[in-house]
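Text of the file entry_35.tsv, holding TSV, C-alpha atoms and all ligand atoms:
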```
chain	number	residue	atom	x	y	z
T	1	MET	CA	-16.07	-34.08	-35.61
T	2	GLU	CA	-16.08	-31.62	-32.70
T	3	LYS	CA	-13.56	-28.82	-32.95
T	4	THR	CA	-11.11	-27.70	-30.30
T	5	VAL	CA	-10.83	-24.14	-29.06
T	6	ARG	CA	-7.49	-22.81	-27.82
T	7	ALA	CA	-7.12	-19.86	-25.44
T	8	HIS	CA	-3.88	-18.57	-23.94
T	9	THR	CA	-3.34	-17.41	-20.36
T	10	ASN	CA	-2.66	-13.79	-19.57
T	11	ILE	CA	-0.70	-12.03	-16.86
T	12	ALA	CA	-2.08	-8.77	-15.53
T	13	LEU	CA	0.31	-5.81	-15.41
T	14	ILE	CA	-2.49	-3.77	-13.81
T	15	LYS	CA	-4.31	-6.25	-11.58
T	16	TYR	CA	-7.92	-7.25	-11.08
T	17	TRP	CA	-8.24	-7.86	-7.34
T	18	GLY	CA	-11.75	-7.20	-6.07
T	19	LYS	CA	-15.35	-7.60	-7.14
T	20	ALA	CA	-18.24	-5.16	-7.09
T	21	ASP	CA	-20.64	-8.02	-7.89
T	22	SER	CA	-19.64	-11.64	-7.26
T	23	ASP	CA	-22.41	-13.29	-9.30
T	24	LEU	CA	-21.74	-11.23	-12.41
T	25	ARG	CA	-18.01	-11.00	-11.68
T	26	LEU	CA	-18.01	-7.24	-12.09
T	27	PRO	CA	-14.64	-5.91	-10.93
T	28	LEU	CA	-13.90	-2.92	-8.74
T	29	MET	CA	-11.11	-1.82	-11.07
T	30	SER	CA	-10.09	-1.98	-14.71
T	31	SER	CA	-7.12	-4.20	-15.51
T	32	LEU	CA	-4.56	-4.59	-18.26
T	33	SER	CA	-2.80	-7.78	-19.28
T	34	MET	CA	-0.31	-9.42	-21.55
T	35	THR	CA	-1.40	-12.67	-23.23
T	36	LEU	CA	1.35	-15.30	-23.18
T	37	ASP	CA	2.50	-17.61	-25.96
T	38	LYS	CA	3.73	-20.50	-23.78
T	39	PHE	CA	0.64	-21.32	-21.69
T	40	TYR	CA	-2.77	-22.27	-23.03
T	41	THR	CA	-5.83	-24.49	-22.65
T	42	ASP	CA	-7.41	-26.59	-25.42
T	43	THR	CA	-11.07	-27.44	-24.92
T	44	LYS	CA	-13.61	-29.47	-26.86
T	45	ILE	CA	-17.31	-29.92	-26.05
T	46	SER	CA	-19.49	-32.74	-27.39
T	47	ASP	CA	-22.96	-34.15	-26.69
T	48	SER	CA	-23.10	-36.79	-23.98
T	49	LEU	CA	-25.52	-38.90	-21.92
T	50	GLU	CA	-24.22	-37.29	-18.73
T	51	ASN	CA	-22.31	-34.12	-17.88
T	52	GLN	CA	-18.63	-34.99	-17.61
T	53	PHE	CA	-15.41	-33.00	-17.42
T	54	TRP	CA	-12.07	-34.47	-18.41
T	55	LEU	CA	-8.86	-32.57	-17.66
T	56	ASN	CA	-5.60	-33.74	-19.18
T	57	GLY	CA	-7.24	-37.12	-19.94
T	58	VAL	CA	-8.51	-37.69	-16.37
T	59	LYS	CA	-12.20	-37.59	-15.49
T	60	GLN	CA	-12.79	-34.94	-12.83
T	61	ASN	CA	-15.19	-35.02	-9.92
T	62	GLY	CA	-15.61	-32.51	-7.16
T	63	GLN	CA	-14.78	-28.83	-7.22
T	64	SER	CA	-13.26	-28.33	-10.68
T	65	SER	CA	-16.09	-30.24	-12.35
T	66	SER	CA	-18.81	-28.41	-10.43
T	67	ARG	CA	-17.31	-24.99	-11.30
T	68	VAL	CA	-17.18	-25.94	-15.01
T	69	PHE	CA	-20.78	-27.15	-15.04
T	70	SER	CA	-22.21	-24.29	-13.02
T	71	PHE	CA	-20.69	-22.01	-15.66
T	72	LEU	CA	-22.01	-24.09	-18.58
T	73	LYS	CA	-25.49	-24.31	-17.02
T	74	LEU	CA	-25.49	-20.54	-16.65
T	75	LEU	CA	-24.65	-20.19	-20.35
T	76	GLN	CA	-27.27	-22.77	-21.35
T	77	LYS	CA	-29.88	-20.80	-19.41
T	78	LYS	CA	-28.75	-17.51	-20.94
T	79	PHE	CA	-29.03	-18.89	-24.48
T	80	ALA	CA	-32.07	-21.10	-23.78
T	81	VAL	CA	-30.34	-24.30	-24.91
T	82	THR	CA	-30.23	-27.70	-23.22
T	83	GLY	CA	-28.33	-31.00	-23.31
T	84	LYS	CA	-25.75	-32.96	-21.38
T	85	LEU	CA	-22.16	-32.21	-22.32
T	86	LYS	CA	-18.77	-33.85	-22.33
T	87	VAL	CA	-15.98	-31.32	-21.82
T	88	GLU	CA	-12.41	-32.34	-22.63
T	89	SER	CA	-9.66	-29.89	-21.69
T	90	TYR	CA	-5.90	-30.03	-21.89
T	91	ASN	CA	-4.18	-27.49	-19.75
T	92	HIS	CA	-0.70	-26.48	-20.90
T	93	VAL	CA	-0.29	-24.44	-17.72
T	94	PRO	CA	1.15	-25.36	-14.33
T	95	THR	CA	-2.22	-25.37	-12.53
T	96	ALA	CA	-3.01	-23.22	-9.49
T	97	ALA	CA	0.53	-22.03	-8.78
T	98	GLY	CA	-0.40	-18.43	-9.48
T	99	LEU	CA	-0.12	-18.76	-13.24
T	100	ALA	CA	-3.79	-17.90	-13.76
T	101	SER	CA	-4.87	-21.10	-15.50
T	102	SER	CA	-8.48	-20.04	-14.96
T	103	SER	CA	-8.00	-17.26	-17.52
T	104	SER	CA	-7.28	-19.66	-20.39
T	105	ALA	CA	-9.61	-22.35	-19.02
T	106	PHE	CA	-12.78	-20.25	-18.92
T	107	ALA	CA	-11.99	-18.37	-22.13
T	108	ALA	CA	-11.59	-21.71	-23.95
T	109	LEU	CA	-14.74	-23.04	-22.30
T	110	ALA	CA	-16.81	-20.03	-23.37
T	111	GLY	CA	-15.43	-20.37	-26.91
T	112	ALA	CA	-16.08	-24.15	-27.03
T	113	PHE	CA	-19.64	-23.61	-25.78
T	114	CYS	CA	-20.38	-21.14	-28.59
T	115	LEU	CA	-18.80	-23.43	-31.17
T	116	HIS	CA	-20.77	-26.44	-29.94
T	117	TYR	CA	-24.13	-24.66	-30.19
T	118	GLY	CA	-23.22	-22.71	-33.34
T	119	PHE	CA	-23.34	-19.22	-31.83
T	120	ASN	CA	-21.24	-16.72	-33.72
T	121	LEU	CA	-20.41	-14.01	-31.19
T	122	SER	CA	-18.24	-10.92	-31.43
T	123	SER	CA	-15.04	-10.81	-29.36
T	124	VAL	CA	-16.66	-8.41	-26.91
T	125	GLU	CA	-19.67	-10.69	-26.44
T	126	LEU	CA	-17.36	-13.67	-25.93
T	127	SER	CA	-15.29	-11.68	-23.44
T	128	ARG	CA	-18.44	-10.96	-21.42
T	129	LEU	CA	-19.35	-14.65	-21.33
T	130	ALA	CA	-15.83	-15.70	-20.31
T	131	ARG	CA	-15.94	-13.09	-17.52
T	132	LEU	CA	-18.87	-14.96	-15.95
T	133	GLY	CA	-16.63	-18.04	-15.53
T	134	SER	CA	-13.55	-16.23	-14.23
T	135	GLY	CA	-12.78	-12.53	-14.30
T	136	SER	CA	-9.32	-12.80	-15.84
T	137	ALA	CA	-10.74	-15.01	-18.65
T	138	SER	CA	-12.41	-11.93	-20.14
T	139	ARG	CA	-8.93	-10.74	-21.23
T	140	SER	CA	-7.80	-14.07	-22.75
T	141	ILE	CA	-10.03	-13.59	-25.79
T	142	TYR	CA	-7.33	-11.29	-27.20
T	143	GLY	CA	-3.67	-11.59	-28.05
T	144	GLY	CA	-0.99	-9.03	-27.12
T	145	PHE	CA	-2.18	-6.43	-24.63
T	146	ALA	CA	-5.81	-6.44	-23.46
T	147	ILE	CA	-7.77	-4.11	-21.21
T	148	TRP	CA	-10.77	-5.21	-19.16
T	149	ARG	CA	-12.86	-2.11	-18.55
T	150	LYS	CA	-14.65	-2.53	-15.29
T	151	GLY	CA	-18.00	-1.20	-16.45
T	152	HIS	CA	-21.00	-1.14	-14.16
T	153	ASP	CA	-23.19	-4.03	-15.32
T	154	ASP	CA	-23.08	-7.22	-17.40
T	155	GLU	CA	-23.32	-5.26	-20.64
T	156	SER	CA	-20.57	-2.74	-19.96
T	157	SER	CA	-17.93	-4.97	-18.30
T	158	TYR	CA	-15.74	-6.61	-20.96
T	159	ALA	CA	-12.22	-6.69	-22.31
T	160	TYR	CA	-10.94	-5.28	-25.59
T	161	ALA	CA	-7.62	-5.38	-27.40
T	162	LEU	CA	-5.18	-2.54	-26.80
T	163	ASP	CA	-2.66	-3.95	-29.27
T	164	GLU	CA	-2.94	-7.55	-30.49
T	165	LYS	CA	0.53	-7.66	-32.05
T	166	PRO	CA	2.76	-5.33	-30.05
T	167	ASP	CA	6.09	-4.47	-31.61
T	168	ILE	CA	7.87	-4.14	-28.31
T	169	ASP	CA	10.90	-5.83	-26.80
T	170	LEU	CA	9.25	-7.37	-23.75
T	171	ARG	CA	9.78	-10.88	-22.38
T	172	LEU	CA	8.00	-12.39	-19.43
T	173	LEU	CA	10.13	-14.90	-17.55
T	174	VAL	CA	7.90	-17.15	-15.47
T	175	VAL	CA	9.98	-18.42	-12.57
T	176	GLU	CA	8.56	-21.51	-10.90
T	177	LEU	CA	9.90	-21.38	-7.37
T	178	ASN	CA	7.16	-23.45	-5.86
T	179	ASN	CA	4.59	-25.48	-7.77
T	180	GLN	CA	2.47	-26.42	-4.78
T	181	GLN	CA	-1.21	-25.63	-5.08
T	182	LYS	CA	-1.96	-22.32	-3.38
T	183	ASP	CA	-3.89	-22.36	-0.07
T	184	LEU	CA	-6.17	-19.42	-0.69
T	185	SER	CA	-8.04	-19.16	-3.99
T	186	SER	CA	-8.04	-15.86	-5.89
T	187	THR	CA	-11.78	-15.60	-5.40
T	188	GLN	CA	-11.38	-15.78	-1.59
T	189	GLY	CA	-8.15	-13.74	-1.48
T	190	MET	CA	-9.59	-10.77	-3.35
T	191	LYS	CA	-12.63	-10.78	-1.07
T	192	GLN	CA	-10.50	-10.71	2.07
T	193	ALA	CA	-8.21	-8.00	0.61
T	194	GLN	CA	-11.14	-5.57	0.63
T	195	THR	CA	-10.92	-5.37	4.44
T	196	SER	CA	-7.55	-3.55	4.14
T	197	PRO	CA	-7.59	0.16	5.04
T	198	PHE	CA	-5.44	0.67	1.94
T	199	PHE	CA	-7.89	-1.04	-0.42
T	200	MET	CA	-10.03	1.99	-1.29
T	201	PRO	CA	-7.04	4.36	-1.67
T	202	TRP	CA	-5.55	1.81	-4.06
T	203	ILE	CA	-8.77	1.60	-6.10
T	204	ALA	CA	-8.82	5.40	-6.30
T	205	ARG	CA	-5.49	5.21	-8.18
T	206	ASN	CA	-6.74	2.68	-10.74
T	207	GLN	CA	-7.60	5.06	-13.61
T	208	THR	CA	-4.33	6.97	-13.21
T	209	GLU	CA	-2.26	3.78	-13.17
T	210	LEU	CA	-4.12	2.42	-16.18
T	211	LYS	CA	-3.61	5.62	-18.18
T	212	GLN	CA	0.09	5.70	-17.31
T	213	MET	CA	0.48	2.08	-18.41
T	214	ILE	CA	-1.35	2.67	-21.69
T	215	SER	CA	0.91	5.67	-22.43
T	216	ALA	CA	4.04	3.66	-21.62
T	217	ILE	CA	2.92	0.83	-23.93
T	218	LYS	CA	2.14	3.26	-26.74
T	219	ALA	CA	5.53	4.93	-26.25
T	220	ASN	CA	7.30	1.55	-26.30
T	221	ASP	CA	8.82	2.50	-22.96
T	222	PHE	CA	10.01	-0.72	-21.31
T	223	SER	CA	11.33	0.95	-18.13
T	224	THR	CA	8.01	2.64	-17.36
T	225	ILE	CA	5.97	-0.48	-18.22
T	226	GLY	CA	8.17	-2.52	-15.87
T	227	SER	CA	8.17	-0.09	-12.97
T	228	LEU	CA	4.41	0.50	-13.18
T	229	ALA	CA	3.73	-3.25	-13.27
T	230	GLU	CA	5.99	-3.81	-10.26
T	231	LEU	CA	4.34	-1.00	-8.31
T	232	ASN	CA	0.85	-2.31	-9.08
T	233	ALA	CA	1.78	-5.85	-7.99
T	234	CYS	CA	3.28	-4.52	-4.74
T	235	GLU	CA	0.08	-2.57	-4.10
T	236	MET	CA	-1.98	-5.74	-4.55
T	237	HIS	CA	0.23	-7.69	-2.14
T	238	ALA	CA	0.27	-4.76	0.30
T	239	VAL	CA	-3.51	-4.87	0.61
T	240	ASN	CA	-3.25	-8.60	1.34
T	241	LEU	CA	-0.70	-7.96	4.08
T	242	THR	CA	-2.91	-5.27	5.62
T	243	ALA	CA	-6.23	-7.15	5.34
T	244	GLN	CA	-8.04	-8.26	8.47
T	245	PRO	CA	-7.03	-11.00	8.98
T	246	ASP	CA	-3.84	-10.38	7.04
T	247	PHE	CA	-2.46	-12.95	4.61
T	248	THR	CA	0.16	-13.29	1.92
T	249	TYR	CA	0.94	-15.51	-1.05
T	250	PHE	CA	4.64	-14.86	-0.56
T	251	GLU	CA	6.94	-17.70	0.48
T	252	PRO	CA	10.53	-17.17	1.64
T	253	ALA	CA	11.66	-17.90	-1.93
T	254	THR	CA	9.40	-15.10	-3.22
T	255	ILE	CA	11.17	-12.53	-1.02
T	256	LYS	CA	14.56	-13.87	-2.05
T	257	ALA	CA	13.55	-13.47	-5.71
T	258	ILE	CA	12.32	-9.89	-5.14
T	259	LYS	CA	15.70	-9.00	-3.60
T	260	LEU	CA	17.55	-10.68	-6.44
T	261	ILE	CA	15.67	-8.55	-8.97
T	262	ALA	CA	16.61	-5.36	-7.08
T	263	ASP	CA	20.20	-6.61	-7.01
T	264	LEU	CA	20.23	-7.33	-10.77
T	265	ARG	CA	18.84	-3.85	-11.39
T	266	SER	CA	21.53	-2.23	-9.27
T	267	GLN	CA	24.08	-4.00	-11.47
T	268	GLY	CA	22.58	-2.47	-14.59
T	269	ILE	CA	20.56	-5.54	-15.67
T	270	GLU	CA	17.18	-3.93	-16.00
T	271	CYS	CA	14.26	-6.13	-14.95
T	272	TYR	CA	11.04	-5.85	-12.94
T	273	PHE	CA	8.66	-8.31	-11.30
T	274	THR	CA	4.99	-9.01	-11.01
T	275	ILE	CA	3.36	-11.58	-8.73
T	276	ASP	CA	-0.16	-13.04	-8.81
T	277	ALA	CA	-2.12	-15.11	-6.31
T	278	GLY	CA	0.73	-17.52	-5.63
T	279	PRO	CA	4.37	-17.61	-4.61
T	280	ASN	CA	5.89	-17.56	-8.09
T	281	ILE	CA	7.43	-14.52	-9.63
T	282	LYS	CA	7.23	-13.28	-13.21
T	283	ILE	CA	10.03	-11.10	-14.52
T	284	LEU	CA	9.63	-8.43	-17.15
T	285	SER	CA	12.79	-8.06	-19.18
T	286	GLN	CA	14.18	-7.24	-22.58
T	287	LEU	CA	15.62	-9.96	-24.78
T	288	LYS	CA	19.24	-8.85	-24.30
T	289	ASN	CA	19.08	-9.54	-20.52
T	290	VAL	CA	17.26	-12.89	-20.50
T	291	LYS	CA	20.45	-14.93	-20.34
T	292	ASP	CA	22.01	-13.00	-17.45
T	293	ILE	CA	18.79	-13.05	-15.44
T	294	THR	CA	18.27	-16.77	-16.04
T	295	ASN	CA	21.86	-17.62	-15.06
T	296	ARG	CA	21.55	-15.62	-11.87
T	297	PHE	CA	18.31	-17.32	-10.82
T	298	VAL	CA	19.67	-20.77	-11.65
T	299	SER	CA	22.74	-20.12	-9.51
T	300	GLU	CA	20.76	-18.75	-6.54
T	301	PHE	CA	17.87	-21.25	-6.40
T	302	ASP	CA	17.75	-25.05	-6.32
T	303	ASN	CA	15.43	-26.73	-8.84
T	304	VAL	CA	14.24	-23.49	-10.36
T	305	ASN	CA	12.32	-23.70	-13.62
T	306	ILE	CA	12.23	-20.61	-15.82
T	307	ILE	CA	9.95	-20.30	-18.82
T	308	ASN	CA	10.79	-17.57	-21.28
T	309	ALA	CA	7.46	-16.30	-22.59
T	310	SER	CA	6.39	-13.57	-24.95
T	311	PHE	CA	3.17	-12.32	-26.51
T	312	GLY	CA	0.58	-14.94	-27.36
T	313	PRO	CA	-2.40	-14.83	-29.72
T	314	GLY	CA	-6.11	-14.47	-29.02
T	315	ILE	CA	-8.64	-17.30	-28.87
T	316	SER	CA	-8.80	-19.58	-31.91
T	317	CYS	CA	-10.47	-22.66	-33.27
T	318	LEU	CA	-8.10	-25.53	-34.15
T	319	ASN	CA	-8.66	-28.20	-36.87
R	401	LIG	C1	-5.45	-10.75	-12.50
R	401	LIG	N1	-5.70	-12.43	-10.71
R	401	LIG	O1	-5.79	-9.61	-12.85
R	401	LIG	C2	-5.49	-11.06	-11.01
R	401	LIG	C3	-4.19	-10.71	-10.34
R	401	LIG	C4	-4.76	-12.96	-9.79
R	401	LIG	C5	-3.96	-11.80	-9.34
R	401	LIG	O2	-7.53	-12.53	-11.95
R	401	LIG	O3	-12.73	-15.02	-8.86
R	401	LIG	O4	-9.28	-16.51	-11.24
R	401	LIG	O5	-12.47	-16.39	-10.94
R	401	LIG	O6	-12.93	-13.94	-11.09
R	401	LIG	O7	-9.82	-14.40	-12.52
R	401	LIG	C6	-7.15	-14.38	-10.66
R	401	LIG	O8	-8.49	-14.33	-10.38
R	401	LIG	O9	-10.75	-14.76	-10.22
R	401	LIG	C7	-6.81	-13.06	-11.15
R	401	LIG	P1	-12.30	-15.02	-10.29
R	401	LIG	P2	-9.61	-15.06	-11.23
R	401	LIG	O10	-5.05	-11.59	-13.32
```
Output the file's structure as structure tokens, nothing else.
Ligand code: 2P0
Amino acid sequence: MEKTVRAHTNIALIKYWGKADSDLRLPLMSSLSMTLDKFYTDTKISDSLENQFWLNGVKQNGQSSSRVFSFLKLLQKKFAVTGKLKVESYNHVPTAAGLASSSSAFAALAGAFCLHYGFNLSSVELSRLARLGSGSASRSIYGGFAIWRKGHDDESSYAYALDEKPDIDLRLLVVELNNQQKDLSSTQGMKQAQTSPFFMPWIARNQTELKQMISAIKANDFSTIGSLAELNACEMHAVNLTAQPDFTYFEPATIKAIKLIADLRSQGIECYFTIDAGPNIKILSQLKNVKDITNRFVSEFDNVNIINASFGPGISCLN
């Protein structure tokens, strides 16, 4: 009986947004993330007469299937193994609305591949493999807070755990304002962002921002974690807005949400935002303010869906 591997998504508080090497997915910056409890992907791989990818019980053709199999073929080549595979995944993530489903998807896929062929890898080795499928997947091997050190080659670019079970009052409220599929993939967006005149100055700040975030996490300092995460997200979206040609993932509802967060803060309800490659906003808050923030968003937006997430675990094998 084939076993299922579960990996949770992560949200970057210090973002990965640019590659030094596209084939190896080596990033231009180090990043730091929080793994979430509420969103995950379950994946099982078995032998088959033909390569096939099933997502949420539906057989996939086209782009998602070809990305999965180009990754698996790369791994087969790397490990000198062969065979046709059936991949069955269940995604407990709203797909492609900026909730980084590729992080859990490719982490689970790398884990399921190793389980299927009986390879017993260390977390760092698994992180490196997951990175080849999708950069953010390198961080989903770990629970709690993870850091992906950019490194300079395949060997040196991997994620490690900063704190797998943080004892910190931090909630991440995922606000679904718009669950349309995004127009511009992360892969394309981060490539275009590099044409911004502000891209290199931003990269030059990466080590400082990372160090400040690590200190804030170690000091259990919610206010500094929140404000650093918000600044870093604004920097990422600023390079998008100043790229040539310029672009943005923001929708009118995104701007309204940003203003609402500033308004809540001015009323003494401390909260901060981060935004990925999509229009949705994620709010960093402490438990005591979750209710007030949620009520405010529900009263200001029609059909808003808010998911109250916290720290999730690292990759695991079920059954
Ligand atoms: C991150 N994002 O650090 C950043 C912030 C989105 C915004 O990693 O091209 O799907 O597959 O390596 O990992 C999303 O990009 O990109 C992402 P690829 P990925 O979480």
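Using all atoms listed in the file, residues with at least one atom at most 6 Å away from any atom of ligand LIG 401 (chain R) are Ile11, Ala12, Lys15, Tyr16, Trp17, Arg25, Ala100, Ser102, Ser134, Gly135, Ser136, Ser186, Thr187, Asp276 and Ala277 of chain T.
The residue that comes closest to T:Arg149, out of T:Leu49, T:Ala233, T:Leu26, T:Ala105 and on the basis of all atoms listed in the file, is T:Leu26.
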Pick from T:Lys19, T:Lys86, T:Lys191, T:Lys78: nearest to T:Gln52, with only C-alpha atoms counted? T:Lys86
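In this comparison, which uses all atoms listed in the file, the residue of T:Phe71, T:Phe39, T:Tyr142, T:Phe250 approaching T:Phe113 most closely is T:Phe71.
Between atom CA of T:Ser138 and atom CA of T:Leu318 there is a distance of 20.0 Å.
Coordinates place atom CA of T:Ala20 at a distance of 9.3 Å from atom CA of T:Lys150.
Taking atom CA of T:Thr41 as the reference point, atom CA of T:Val93 is found at 7.4 Å.
Distances from T:Leu170, T:Leu36, T:Leu28, T:Leu126 to T:Ala108 were compared using all atoms listed in the file, and the smallest one belongs to T:Leu126.
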I'd like the neighbourhood of T:Leu72 as a PyMOL selection string, where a residue qualifies if any of its atoms comes within 12 Å (using all atoms listed in the file), though same-chain residues fewer than 6 positions away should be ignored. chain T and resi 45+51-53+65-66+78-87+106+108-114+116-117+129-130+132-133
Please determine, counting all atoms listed in the file, which residue among T:Gln192, T:Ser104, T:Ser157, T:Asn10 has the shortest atom-to-atom distance to T:Val124. T:Ser157
Between T:Gln60, T:Gly144, T:Gly226, T:Lys38, which is the closest to T:Asn308 once you count only C-alpha atoms? T:Lys38
Can you tell me, as a PyMOL selection string, what residues are no more than 10 Å from T:Ser227 when counting all atoms listed in the file, ignoring any on the same chain fewer than 4 positions away? chain T and resi 213+222-223+231-233+271-274+284
Any chance you could export the current selection's C-alpha atoms as a PDB file, in the frame of the given file?
```
ATOM      1  CA  MET T 213       0.480   2.080 -18.410  1.00  0.00           C
ATOM      2  CA  PHE T 222      10.010  -0.720 -21.310  1.00  0.00           C
ATOM      3  CA  SER T 223      11.330   0.950 -18.130  1.00  0.00           C
ATOM      4  CA  LEU T 231       4.340  -1.000  -8.310  1.00  0.00           C
ATOM      5  CA  ASN T 232       0.850  -2.310  -9.080  1.00  0.00           C
ATOM      6  CA  ALA T 233       1.780  -5.850  -7.990  1.00  0.00           C
ATOM      7  CA  CYS T 271      14.260  -6.130 -14.950  1.00  0.00           C
ATOM      8  CA  TYR T 272      11.040  -5.850 -12.940  1.00  0.00           C
ATOM      9  CA  PHE T 273       8.660  -8.310 -11.300  1.00  0.00           C
ATOM     10  CA  THR T 274       4.990  -9.010 -11.010  1.00  0.00           C
ATOM     11  CA  LEU T 284       9.630  -8.430 -17.150  1.00  0.00           C
TER      12      LEU T 284
END
```
As a PDB file, in the coordinates of the input, please: stretch 289-310 of chain T completed to N, CA and C atoms.
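Written file, out.pdb:
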```
ATOM      1  N   ASN T 289      18.733  -9.204 -21.909  1.00  0.00           N
ATOM      2  CA  ASN T 289      19.080  -9.540 -20.520  1.00  0.00           C
ATOM      3  C   ASN T 289      18.586 -10.909 -20.053  1.00  0.00           C
ATOM      4  N   VAL T 290      17.872 -11.623 -20.926  1.00  0.00           N
ATOM      5  CA  VAL T 290      17.260 -12.890 -20.500  1.00  0.00           C
ATOM      6  C   VAL T 290      18.309 -13.877 -19.992  1.00  0.00           C
ATOM      7  N   LYS T 291      19.421 -13.954 -20.702  1.00  0.00           N
ATOM      8  CA  LYS T 291      20.450 -14.930 -20.340  1.00  0.00           C
ATOM      9  C   LYS T 291      21.052 -14.637 -18.966  1.00  0.00           C
ATOM     10  N   ASP T 292      21.412 -13.377 -18.731  1.00  0.00           N
ATOM     11  CA  ASP T 292      22.010 -13.000 -17.450  1.00  0.00           C
ATOM     12  C   ASP T 292      21.045 -13.242 -16.288  1.00  0.00           C
ATOM     13  N   ILE T 293      19.784 -12.878 -16.507  1.00  0.00           N
ATOM     14  CA  ILE T 293      18.790 -13.050 -15.440  1.00  0.00           C
ATOM     15  C   ILE T 293      18.601 -14.543 -15.144  1.00  0.00           C
ATOM     16  N   THR T 294      18.467 -15.323 -16.205  1.00  0.00           N
ATOM     17  CA  THR T 294      18.270 -16.770 -16.040  1.00  0.00           C
ATOM     18  C   THR T 294      19.450 -17.387 -15.297  1.00  0.00           C
ATOM     19  N   ASN T 295      20.661 -17.043 -15.712  1.00  0.00           N
ATOM     20  CA  ASN T 295      21.860 -17.620 -15.060  1.00  0.00           C
ATOM     21  C   ASN T 295      21.877 -17.280 -13.580  1.00  0.00           C
ATOM     22  N   ARG T 296      21.535 -16.056 -13.271  1.00  0.00           N
ATOM     23  CA  ARG T 296      21.550 -15.620 -11.870  1.00  0.00           C
ATOM     24  C   ARG T 296      20.536 -16.402 -11.028  1.00  0.00           C
ATOM     25  N   PHE T 297      19.331 -16.575 -11.566  1.00  0.00           N
ATOM     26  CA  PHE T 297      18.310 -17.320 -10.820  1.00  0.00           C
ATOM     27  C   PHE T 297      18.699 -18.791 -10.669  1.00  0.00           C
ATOM     28  N   VAL T 298      19.257 -19.370 -11.721  1.00  0.00           N
ATOM     29  CA  VAL T 298      19.670 -20.770 -11.650  1.00  0.00           C
ATOM     30  C   VAL T 298      20.772 -20.949 -10.609  1.00  0.00           C
ATOM     31  N   SER T 299      21.656 -19.959 -10.492  1.00  0.00           N
ATOM     32  CA  SER T 299      22.740 -20.120  -9.510  1.00  0.00           C
ATOM     33  C   SER T 299      22.277 -19.854  -8.077  1.00  0.00           C
ATOM     34  N   GLU T 300      21.216 -19.095  -7.904  1.00  0.00           N
ATOM     35  CA  GLU T 300      20.760 -18.750  -6.540  1.00  0.00           C
ATOM     36  C   GLU T 300      19.686 -19.682  -5.983  1.00  0.00           C
ATOM     37  N   PHE T 301      18.984 -20.397  -6.868  1.00  0.00           N
ATOM     38  CA  PHE T 301      17.870 -21.250  -6.400  1.00  0.00           C
ATOM     39  C   PHE T 301      18.092 -22.699  -6.837  1.00  0.00           C
ATOM     40  N   ASP T 302      17.708 -23.639  -5.947  1.00  0.00           N
ATOM     41  CA  ASP T 302      17.750 -25.050  -6.320  1.00  0.00           C
ATOM     42  C   ASP T 302      16.477 -25.373  -7.115  1.00  0.00           C
ATOM     43  N   ASN T 303      16.594 -26.215  -8.085  1.00  0.00           N
ATOM     44  CA  ASN T 303      15.430 -26.730  -8.840  1.00  0.00           C
ATOM     45  C   ASN T 303      14.517 -25.640  -9.391  1.00  0.00           C
ATOM     46  N   VAL T 304      15.089 -24.539  -9.825  1.00  0.00           N
ATOM     47  CA  VAL T 304      14.240 -23.490 -10.360  1.00  0.00           C
ATOM     48  C   VAL T 304      13.921 -23.782 -11.830  1.00  0.00           C
ATOM     49  N   ASN T 305      12.699 -23.507 -12.223  1.00  0.00           N
ATOM     50  CA  ASN T 305      12.320 -23.700 -13.620  1.00  0.00           C
ATOM     51  C   ASN T 305      11.888 -22.356 -14.186  1.00  0.00           C
ATOM     52  N   ILE T 306      12.546 -21.931 -15.253  1.00  0.00           N
ATOM     53  CA  ILE T 306      12.230 -20.610 -15.820  1.00  0.00           C
ATOM     54  C   ILE T 306      11.708 -20.779 -17.240  1.00  0.00           C
ATOM     55  N   ILE T 307      10.536 -20.224 -17.483  1.00  0.00           N
ATOM     56  CA  ILE T 307       9.950 -20.300 -18.820  1.00  0.00           C
ATOM     57  C   ILE T 307       9.979 -18.904 -19.437  1.00  0.00           C
ATOM     58  N   ASN T 308      10.591 -18.839 -20.599  1.00  0.00           N
ATOM     59  CA  ASN T 308      10.790 -17.570 -21.280  1.00  0.00           C
ATOM     60  C   ASN T 308       9.618 -17.323 -22.234  1.00  0.00           C
ATOM     61  N   ALA T 309       8.683 -16.487 -21.802  1.00  0.00           N
ATOM     62  CA  ALA T 309       7.460 -16.300 -22.590  1.00  0.00           C
ATOM     63  C   ALA T 309       7.431 -14.928 -23.249  1.00  0.00           C
ATOM     64  N   SER T 310       6.615 -14.857 -24.287  1.00  0.00           N
ATOM     65  CA  SER T 310       6.390 -13.570 -24.950  1.00  0.00           C
ATOM     66  C   SER T 310       4.902 -13.449 -25.278  1.00  0.00           C
TER      67      SER T 310
END
```
